[in-house]
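S.K.: I'd like to ask you about the structure that follows.
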Amino acid sequence: MTLQCTLCPRYCRLAPGQVGDCRVRYHHDGKLVSLVYARPVALHLDPIEKKPLFHFLPGSNILSVATVGCNLHCANCQNWQISQADPWDSEAVPFEPHELVELCVDQESPSIAFTYTDPVVFFEYTLDTARAARHQGIKTVLVSAGYINEEPLQQWIPFIDAANIDLKAFDDDFYQNVCDARLDPVLNTLVALKKGGVWLELSNLLIPTLNDSDAMIRDLCRWVHNELGADTPLHFSAFTPRHKLSTLPRTPLSTLLRARDIAVAEGLHFVYLGNVLAEDGGLTRCPHDGTPLLERRGFELVLNRLKDGACPHCGTSIPGRWSST
């Protein structure tokens with residue numbers, strides 16, 4: 001008897017003893033089980049700006065957790081050593097959901113992130129941890145490509161406080177050829193997260209010749225503005241040659257500056273540049289009067305001028321989650 005996994009749009013059909021495309025979901029005795037539940041291969045304390053999240057608890061630390069596995073196979077993956085690994089070939093340290101929450105408390109970390117690989121494939125682990133974290137006042141963050149079906153996504157949403165979703169391109173051909181996936185399920189995820197009240201920020205990695213044309217960037221920004229709103233933070237980042245795209249050049253600063261200009265022209269209020277040396281790449285300005293509000297140097301928050309979540313000069317409320325209480 002085969003079983004069909006309904007977690008993500010791949011809908012893998014598995015015979016007994018088979019694992020899914022993600023490598024971590026397994027048909028065992030008539031049931032689908034996770035091979036990575038409570039078995040993280042990465043556990044670090046990061047600045048929250050590294051996720052990147054710029055409008056969610058700025059300047060705080062966040063406990064970052066990952067298992068092996070991913071349901072995408074991006075040619076440019078920066079963590080392919082673990083995202084494309086098999087569980088039986090990877091060293092993992094047992095960590096139950098309540099232990100992750102206890103570690104957050106011990107480290108005085110107000111939030112926990114599921115990141116590095118894609119938390120979609122260790123869904124049950126994230127959900128149980130998020131529920132436990134909610135009881136302790138710990139916030140839960142997803143860093144994901146958003147390739148998940150509607151039903152599990154709706155189980156997630158009540159327990160997720162913030163997410164950074166990697167919108168890889170506003171182009172289905174790019175998703176098929178570079179990521180072995182499709183665009184529409186990701187867009188559906190973004191709309192559902194926004195509707196569900198999850199604080200949402202987006203990342204877009206610009207890869208030379210593949211998704212860095214003016215038209216593609218403009219289409220992405222226009223969709224974000226129209227469907228998610230002008231206050232949705234968008235992070236453009238630079239590609240570094242790696243994995244299966246090692247022959248392409250690094251993204252020049254000029255491309256990111258051009259992308260930011262396009263995003264601003266399309267009406268987006270909060271546009272950031274990552275992985276490059278740009279003096280104002282991490283600067284948050286008041287969208288009403290341009291007052292500098294939060295200044296960052298790399299992943300470090302160096303100045304926060306917000307007053308009760310608002311611009312101290314004109315009083316404009318700045319969208320975000322500025323307090324853990």
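Chain labels follow the order of the structure tokens: the first chain is A, the next B, and so on; residue numbering restarts at 1 in every chain, and ligands are counted from 1 in their shown order.
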Enumerate as a PyMOL selection string all residues of region 173-245 of chain A assigned to strand (DSSP E) by DSSP on the backbone, naming them with the chain letters and numbers the document uses.

M.R.: chain A and resi 199-206+234-238

S.K.: Please produce, as a Markdown table, a per-residue contact table for region 7-51 of chain A versus region 65-77 of chain A (criterion: any atom at most 10 Å away, only C-alpha atoms considered), showing the nearest atom pair and its distance in Å to one decimal, sorted by chain then residue number.

M.R.:
| residue | atom | partner | partner_atom | distance |
| --- | --- | --- | --- | --- |
| A:Leu7 | CA | A:Asn71 | CA | 9.9 |
| A:Cys8 | CA | A:Asn71 | CA | 7.8 |
| A:Pro9 | CA | A:Asn71 | CA | 9.2 |
| A:Arg10 | CA | A:Asn71 | CA | 8.1 |
| A:Gly20 | CA | A:Asn71 | CA | 8.8 |
| A:Asp21 | CA | A:Asn71 | CA | 6.4 |
| A:Cys22 | CA | A:Asn71 | CA | 4.6 |
| A:Arg23 | CA | A:Gly69 | CA | 5.9 |
| A:Val24 | CA | A:Gly69 | CA | 6.0 |
| A:Arg25 | CA | A:Gly69 | CA | 9.2 |
| A:Leu35 | CA | A:Val68 | CA | 9.4 |
| A:Val36 | CA | A:Thr67 | CA | 6.3 |
| A:Tyr37 | CA | A:Thr67 | CA | 8.2 |
| A:Ala38 | CA | A:Thr67 | CA | 8.4 |
| A:Arg39 | CA | A:Thr67 | CA | 6.3 |
| A:Pro40 | CA | A:Thr67 | CA | 4.3 |
| A:Val41 | CA | A:Thr67 | CA | 5.1 |
| A:Ala42 | CA | A:Ala66 | CA | 5.1 |
| A:Leu43 | CA | A:Val65 | CA | 4.8 |
| A:His44 | CA | A:Val65 | CA | 6.8 |
| A:Leu45 | CA | A:Val65 | CA | 9.0 |

S.K.: Could you pull the residues within 8 Å of Leu293 (chain A), counting only C-alpha atoms, minus those fewer than 2 positions along the same chain, as a list of chain:residue names?

M.R.: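 In the requested form, the answer reads A:Leu283, A:Thr284, A:Arg285, A:Cys286, A:Thr291, A:Glu295, A:Leu303, A:Asn304, A:Arg305, A:Leu306, A:Cys311.
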
S.K.: Would you please work out which residue, of A:Phe299, A:Tyr26, A:Phe123, A:Phe56, is nearest to Ser323 (chain A) when using only C-alpha atoms?

M.R.: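 Result for the nearest residue to Ser323 (chain A): A:Phe56.
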
S.K.: Considering only C-alpha atoms, state which residue in the set A:Ser317, A:Thr115, A:Ser324, A:Asn164 is at the smallest distance from His235 (chain A).

M.R.: A:Asn164

S.K.: One decimal, Å: what's the distance from CA of Val186 (chain A) over to CA of Ile165 (chain A), could you say?

M.R.: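 About the pair CA of Val186 (chain A) and CA of Ile165 (chain A): they are 8.7 Å apart.
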
S.K.: Could you pull the residues within 7 Å of Leu205 (chain A), counting only C-alpha atoms, minus those fewer than 5 positions along the same chain, as an MDAnalysis selection string?

M.R.: chainID A and resid 168 236:239

S.K.: Kindly export the residues of the current selection with C-alpha atoms, as a PDB file, in the first residue's frame.

M.R.:
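The result, written out as result-v6.pdb:
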ATOM      1  CA  LYS A 168      13.074  33.579  -5.118  1.00  0.00           C
ATOM      2  CA  PHE A 236      17.380  42.223  -1.607  1.00  0.00           C
ATOM      3  CA  SER A 237      20.569  40.213  -1.159  1.00  0.00           C
ATOM      4  CA  ALA A 238      23.625  39.438  -3.237  1.00  0.00           C
ATOM      5  CA  PHE A 239      24.346  36.027  -4.706  1.00  0.00           C
TER       6      PHE A 239
END

S.K.: For CA of Asn204 (chain A) and CA of Leu167 (chain A), determine how far apart the two atoms are, in Å to one decimal place.

M.R.: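 One can read the CA of Asn204 (chain A) to CA of Leu167 (chain A) distance as 5.5 Å.
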
S.K.: I need the helix (DSSP H, G or I) residues of region 143-307 of chain A per DSSP on the backbone, written as a PyMOL selection string.

M.R.: chain A and resi 150-159+172-179+184-195+214-227+243-245+253-265

S.K.: Using only C-alpha atoms, find the one residue out of A:Thr129, A:Thr240, A:Thr189, A:Thr251 that sits nearest to Pro208 (chain A).

M.R.: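 For Pro208 (chain A), the nearest of the candidates is A:Thr251.
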
S.K.: Quick one: residues within 12 Å of Glu150 (chain A), only C-alpha atoms counted, chain neighbours fewer than 6 positions away excluded, as a PyMOL selection string?

M.R.: chain A and resi 6-9+120+156-157+184-193

S.K.: Give the answer as one residue: which of A:Trp223, A:Trp80, A:Tyr175, A:Trp199 has the shortest atom-to-atom distance to Phe54 (chain A), using only C-alpha atoms?

M.R.: A:Trp199

S.K.: Between CA of Val143 (chain A) and CA of Lys51 (chain A), what is the spacing in Å?

M.R.: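 Calculated distance between CA of Lys51 (chain A) and CA of Val143 (chain A) is 6.9 Å.
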